[in-house]
file start.txt (compact mmCIF, N, CA and C atoms)
# COMPACT_ATOMS: atom_id res chain seq x y z
N MET U 248 -104.42 67.28 -3.85
CA MET U 248 -104.58 66.38 -2.74
C MET U 248 -103.28 65.59 -2.57
N CYS U 249 -102.87 65.41 -1.35
CA CYS U 249 -101.66 64.64 -1.04
C CYS U 249 -102.05 63.30 -0.45
N LEU U 250 -101.34 62.27 -0.84
CA LEU U 250 -101.58 60.94 -0.31
C LEU U 250 -100.34 60.41 0.37
N SER U 251 -100.54 59.72 1.46
CA SER U 251 -99.46 59.01 2.13
C SER U 251 -99.74 57.53 1.95
N ILE U 252 -98.72 56.78 1.60
CA ILE U 252 -98.91 55.37 1.29
C ILE U 252 -98.30 54.49 2.37
N PRO U 253 -99.08 53.57 2.95
CA PRO U 253 -98.53 52.65 3.94
C PRO U 253 -97.50 51.73 3.30
N SER U 254 -96.38 51.56 3.97
CA SER U 254 -95.30 50.73 3.46
C SER U 254 -94.67 49.96 4.61
N LYS U 255 -94.21 48.75 4.31
CA LYS U 255 -93.57 47.91 5.33
C LYS U 255 -92.06 48.09 5.25
N VAL U 256 -91.43 48.31 6.39
CA VAL U 256 -89.99 48.49 6.44
C VAL U 256 -89.31 47.13 6.28
N VAL U 257 -88.45 47.04 5.26
CA VAL U 257 -87.73 45.80 4.96
C VAL U 257 -86.34 45.83 5.56
N GLU U 258 -85.73 47.02 5.56
CA GLU U 258 -84.35 47.17 6.08
C GLU U 258 -84.16 48.60 6.57
N VAL U 259 -83.53 48.74 7.72
CA VAL U 259 -83.14 50.06 8.23
C VAL U 259 -81.64 50.20 8.00
N ARG U 260 -81.24 51.31 7.40
CA ARG U 260 -79.83 51.53 7.07
C ARG U 260 -79.20 52.52 8.04
N GLU U 261 -77.87 52.50 8.09
CA GLU U 261 -77.13 53.35 9.02
C GLU U 261 -77.22 54.83 8.67
N ASP U 262 -77.53 55.17 7.43
CA ASP U 262 -77.59 56.58 7.01
C ASP U 262 -78.96 57.23 7.24
N ASN U 263 -79.74 56.65 8.15
CA ASN U 263 -81.08 57.14 8.50
C ASN U 263 -82.05 57.05 7.33
N THR U 264 -81.88 56.00 6.53
CA THR U 264 -82.84 55.68 5.49
C THR U 264 -83.33 54.25 5.73
N ALA U 265 -84.37 53.89 5.01
CA ALA U 265 -84.90 52.54 5.10
C ALA U 265 -85.35 52.09 3.73
N VAL U 266 -85.26 50.78 3.50
CA VAL U 266 -85.85 50.18 2.32
C VAL U 266 -87.25 49.75 2.75
N VAL U 267 -88.25 50.20 1.98
CA VAL U 267 -89.63 49.85 2.30
C VAL U 267 -90.27 49.16 1.11
N ASP U 268 -91.28 48.36 1.39
CA ASP U 268 -92.06 47.70 0.37
C ASP U 268 -93.42 48.40 0.32
N THR U 269 -93.71 48.98 -0.84
CA THR U 269 -94.97 49.69 -1.05
C THR U 269 -95.75 48.97 -2.13
N MET U 270 -96.71 48.18 -1.74
CA MET U 270 -97.55 47.44 -2.69
C MET U 270 -96.70 46.65 -3.69
N GLY U 271 -95.65 46.01 -3.18
CA GLY U 271 -94.80 45.17 -4.02
C GLY U 271 -93.62 45.87 -4.66
N VAL U 272 -93.52 47.18 -4.48
CA VAL U 272 -92.41 47.95 -5.04
C VAL U 272 -91.49 48.37 -3.89
N ARG U 273 -90.20 48.08 -4.04
CA ARG U 273 -89.24 48.47 -3.00
C ARG U 273 -88.57 49.78 -3.38
N ARG U 274 -88.40 50.63 -2.37
CA ARG U 274 -87.73 51.91 -2.58
C ARG U 274 -87.03 52.32 -1.29
N VAL U 275 -86.13 53.26 -1.41
CA VAL U 275 -85.41 53.79 -0.25
C VAL U 275 -86.09 55.10 0.14
N VAL U 276 -86.37 55.26 1.43
CA VAL U 276 -86.98 56.48 1.94
C VAL U 276 -86.17 57.03 3.10
N SER U 277 -86.31 58.30 3.34
CA SER U 277 -85.63 58.95 4.46
C SER U 277 -86.43 58.75 5.75
N LEU U 278 -85.70 58.59 6.84
CA LEU U 278 -86.32 58.50 8.17
C LEU U 278 -86.14 59.80 8.94
N ASP U 279 -85.65 60.84 8.29
CA ASP U 279 -85.33 62.10 8.97
C ASP U 279 -86.52 62.76 9.65
N LEU U 280 -87.73 62.51 9.18
CA LEU U 280 -88.91 63.15 9.78
C LEU U 280 -89.57 62.32 10.87
N MET U 281 -89.07 61.12 11.09
CA MET U 281 -89.66 60.25 12.12
C MET U 281 -89.24 60.70 13.51
N GLN U 282 -90.22 60.79 14.40
CA GLN U 282 -89.92 61.20 15.76
C GLN U 282 -89.74 60.01 16.70
N GLU U 283 -89.98 58.82 16.19
CA GLU U 283 -89.77 57.62 16.99
C GLU U 283 -88.94 56.62 16.19
N PRO U 284 -88.25 55.72 16.87
CA PRO U 284 -87.40 54.75 16.16
C PRO U 284 -88.22 53.86 15.23
N VAL U 285 -87.60 53.45 14.14
CA VAL U 285 -88.22 52.56 13.16
C VAL U 285 -87.34 51.33 13.05
N LYS U 286 -87.99 50.16 12.99
CA LYS U 286 -87.25 48.91 12.85
C LYS U 286 -87.88 48.06 11.74
N GLU U 287 -87.17 47.02 11.34
CA GLU U 287 -87.69 46.12 10.32
C GLU U 287 -89.06 45.60 10.73
N ASN U 288 -89.93 45.44 9.74
CA ASN U 288 -91.30 44.95 9.88
C ASN U 288 -92.28 45.99 10.44
N ASP U 289 -91.81 47.19 10.77
CA ASP U 289 -92.74 48.26 11.13
C ASP U 289 -93.48 48.71 9.88
N TRP U 290 -94.63 49.27 10.06
CA TRP U 290 -95.39 49.89 8.98
C TRP U 290 -95.31 51.40 9.16
N VAL U 291 -95.05 52.10 8.07
CA VAL U 291 -94.94 53.55 8.11
C VAL U 291 -95.71 54.17 6.95
N LEU U 292 -96.11 55.42 7.12
CA LEU U 292 -96.70 56.17 6.02
C LEU U 292 -95.58 56.87 5.28
N ILE U 293 -95.61 56.82 3.96
CA ILE U 293 -94.59 57.44 3.12
C ILE U 293 -95.24 58.59 2.35
N HIS U 294 -94.56 59.71 2.35
CA HIS U 294 -95.01 60.86 1.57
C HIS U 294 -93.79 61.52 0.96
N VAL U 295 -93.77 61.63 -0.36
CA VAL U 295 -92.68 62.21 -1.15
C VAL U 295 -91.28 61.80 -0.68
N GLY U 296 -91.11 60.50 -0.45
CA GLY U 296 -89.79 59.98 -0.13
C GLY U 296 -89.41 60.00 1.34
N PHE U 297 -90.34 60.39 2.21
CA PHE U 297 -90.07 60.44 3.64
C PHE U 297 -91.08 59.58 4.40
N ALA U 298 -90.58 58.81 5.36
CA ALA U 298 -91.47 58.15 6.31
C ALA U 298 -91.92 59.23 7.29
N ILE U 299 -93.24 59.35 7.48
CA ILE U 299 -93.74 60.44 8.32
C ILE U 299 -94.47 59.98 9.57
N GLN U 300 -94.85 58.71 9.62
CA GLN U 300 -95.60 58.24 10.78
C GLN U 300 -95.64 56.72 10.80
N LYS U 301 -95.61 56.13 11.98
CA LYS U 301 -95.78 54.69 12.12
C LYS U 301 -97.27 54.35 12.15
N LEU U 302 -97.59 53.16 11.65
CA LEU U 302 -98.96 52.63 11.68
C LEU U 302 -98.93 51.24 12.28
N ASP U 303 -100.06 50.83 12.87
CA ASP U 303 -100.12 49.43 13.26
C ASP U 303 -100.50 48.63 12.01
N GLU U 304 -100.18 47.36 12.01
CA GLU U 304 -100.33 46.53 10.81
C GLU U 304 -101.77 46.50 10.32
N GLU U 305 -102.73 46.38 11.21
CA GLU U 305 -104.14 46.32 10.81
C GLU U 305 -104.56 47.59 10.06
N GLU U 306 -104.17 48.73 10.58
CA GLU U 306 -104.50 50.00 9.94
C GLU U 306 -103.82 50.11 8.57
N ALA U 307 -102.57 49.69 8.49
CA ALA U 307 -101.83 49.74 7.23
C ALA U 307 -102.48 48.85 6.17
N LEU U 308 -102.83 47.64 6.54
CA LEU U 308 -103.42 46.71 5.59
C LEU U 308 -104.80 47.19 5.12
N ARG U 309 -105.56 47.77 6.02
CA ARG U 309 -106.88 48.31 5.64
C ARG U 309 -106.70 49.46 4.64
N SER U 310 -105.74 50.33 4.89
CA SER U 310 -105.48 51.44 3.97
C SER U 310 -105.07 50.93 2.60
N LEU U 311 -104.23 49.89 2.56
CA LEU U 311 -103.81 49.33 1.28
C LEU U 311 -104.99 48.71 0.52
N GLU U 312 -105.92 48.10 1.25
CA GLU U 312 -107.12 47.56 0.62
C GLU U 312 -107.91 48.68 -0.07
N LEU U 313 -108.01 49.82 0.61
CA LEU U 313 -108.73 50.96 0.03
C LEU U 313 -108.01 51.49 -1.21
N PHE U 314 -106.68 51.57 -1.16
CA PHE U 314 -105.91 51.98 -2.33
C PHE U 314 -106.18 51.04 -3.50
N GLU U 315 -106.17 49.74 -3.25
CA GLU U 315 -106.41 48.77 -4.31
C GLU U 315 -107.82 48.90 -4.88
N GLU U 316 -108.80 49.19 -4.02
CA GLU U 316 -110.17 49.43 -4.49
C GLU U 316 -110.22 50.63 -5.43
N ILE U 317 -109.56 51.70 -5.03
CA ILE U 317 -109.53 52.92 -5.84
C ILE U 317 -108.88 52.63 -7.19
N LEU U 318 -107.76 51.92 -7.17
CA LEU U 318 -107.07 51.59 -8.42
C LEU U 318 -107.94 50.73 -9.34
N SER U 319 -108.64 49.78 -8.78
CA SER U 319 -109.49 48.92 -9.62
C SER U 319 -110.66 49.71 -10.17
N MET U 320 -111.20 50.65 -9.41
CA MET U 320 -112.28 51.50 -9.91
C MET U 320 -111.78 52.39 -11.04
N GLU U 321 -110.56 52.91 -10.88
CA GLU U 321 -109.97 53.74 -11.92
C GLU U 321 -109.76 52.94 -13.21
N GLU U 322 -109.27 51.70 -13.08
CA GLU U 322 -109.07 50.84 -14.24
C GLU U 322 -110.39 50.54 -14.93
N SER U 323 -111.43 50.31 -14.15
CA SER U 323 -112.76 50.05 -14.72
C SER U 323 -113.25 51.27 -15.50
N TYR U 324 -113.03 52.44 -14.96
CA TYR U 324 -113.44 53.67 -15.61
C TYR U 324 -112.68 53.88 -16.92
N GLU U 325 -111.37 53.59 -16.90
CA GLU U 325 -110.57 53.75 -18.11
C GLU U 325 -110.99 52.80 -19.21
N ASN U 326 -111.47 51.62 -18.83
CA ASN U 326 -111.89 50.62 -19.82
C ASN U 326 -113.34 50.80 -20.24
N TYR U 327 -114.03 51.76 -19.69
CA TYR U 327 -115.44 51.98 -19.97
C TYR U 327 -115.65 52.73 -21.24
call {"tool": "encode", "arguments": {"input": "start.txt", "output": "structure tokens"}}
result
Amino acid sequence: MCLSIPSKVVEVREDNTAVVDTMGVRRVVSLDLMQEPVKENDWVLIHVGFAIQKLDEEEALRSLELFEEILSMEESYENY
């Protein structure tokens, strides 16, 4: 199964990359697969180092809530 993680764009660079914040972790991703322009504060889906789609903020935040739920369930299972 493949997962795409919503991330907030912190900085767009001249080399067609962006610094994104993914659940508190910053990383550099490629914008080469994006078909529309990306700017600071946009939300994008990240998959294997590439931004693949823009999201509206509400959708991105809801997805992150679900990720956090899954992680907390996994932690509960590991401690069981």
call {"tool": "residues_around", "arguments": {"input": "start.txt", "residues": "U:Val257", "least_positions_apart": "4", "cutoff": "7 Å", "atoms": "only C-alpha atoms", "output": "PyMOL selection string"}}
result
chain U and resi 266-268+287-288
call {"tool": "residues_around", "arguments": {"input": "start.txt", "residues": "U:Lys255", "least_positions_apart": "3", "cutoff": "10 Å", "atoms": "only C-alpha atoms", "output": "list in words"}}
result
Glu258, Ala265, Val266, Val267, Asp268, Thr269, Met270, Gly271, Arg273, Lys286, Glu287, Asn288, Asp289, Trp290, Val291, Leu292, Ile293, Lys301, Leu302, Glu304, Ala307 and Leu308 of chain U
call {"tool": "select_by_dssp", "arguments": {"input": "start.txt", "residues": "chain U", "states": "alpha helix (DSSP H)", "output": "list in words"}}
result
Glu304, Glu305, Glu306, Ala307, Leu308, Arg309, Ser310, Leu311, Glu312, Leu313, Phe314, Glu315, Glu316, Ile317, Leu318, Ser319, Met320, Glu321, Glu322, Ser323, Tyr324 and Glu325 of chain U
call {"tool": "residues_around", "arguments": {"input": "start.txt", "residues": "U:Thr264", "least_positions_apart": "5", "cutoff": "7 Å", "atoms": "only C-alpha atoms", "output": "ChimeraX atom specification"}}
result
/U:259,275-278
call {"tool": "atom_distance", "arguments": {"input": "start.txt", "atom1": "atom N of U:Arg260", "atom2": "atom CA of U:Arg274"}}
result
11.9 Å
call {"tool": "select_by_dssp", "arguments": {"input": "start.txt", "residues": "chain U", "states": "strand (DSSP E or B)", "output": "ChimeraX atom specification"}}
result
/U:252-259,264-269,272-277,290-294,297-302
call {"tool": "atom_distance", "arguments": {"input": "start.txt", "atom1": "atom N of U:Glu321", "atom2": "atom CA of U:His294"}}
result
21.4 Å
call {"tool": "atom_distance", "arguments": {"input": "start.txt", "atom1": "atom C of U:Phe314", "atom2": "atom C of U:Gln282"}}
result
27.5 Å
call {"tool": "closest_residue", "arguments": {"input": "start.txt", "among": "U:Leu250, U:Leu280, U:Leu313, U:Val285", "to": "U:Ala298", "atoms": "all atoms listed in the file"}}
result
U:Leu280
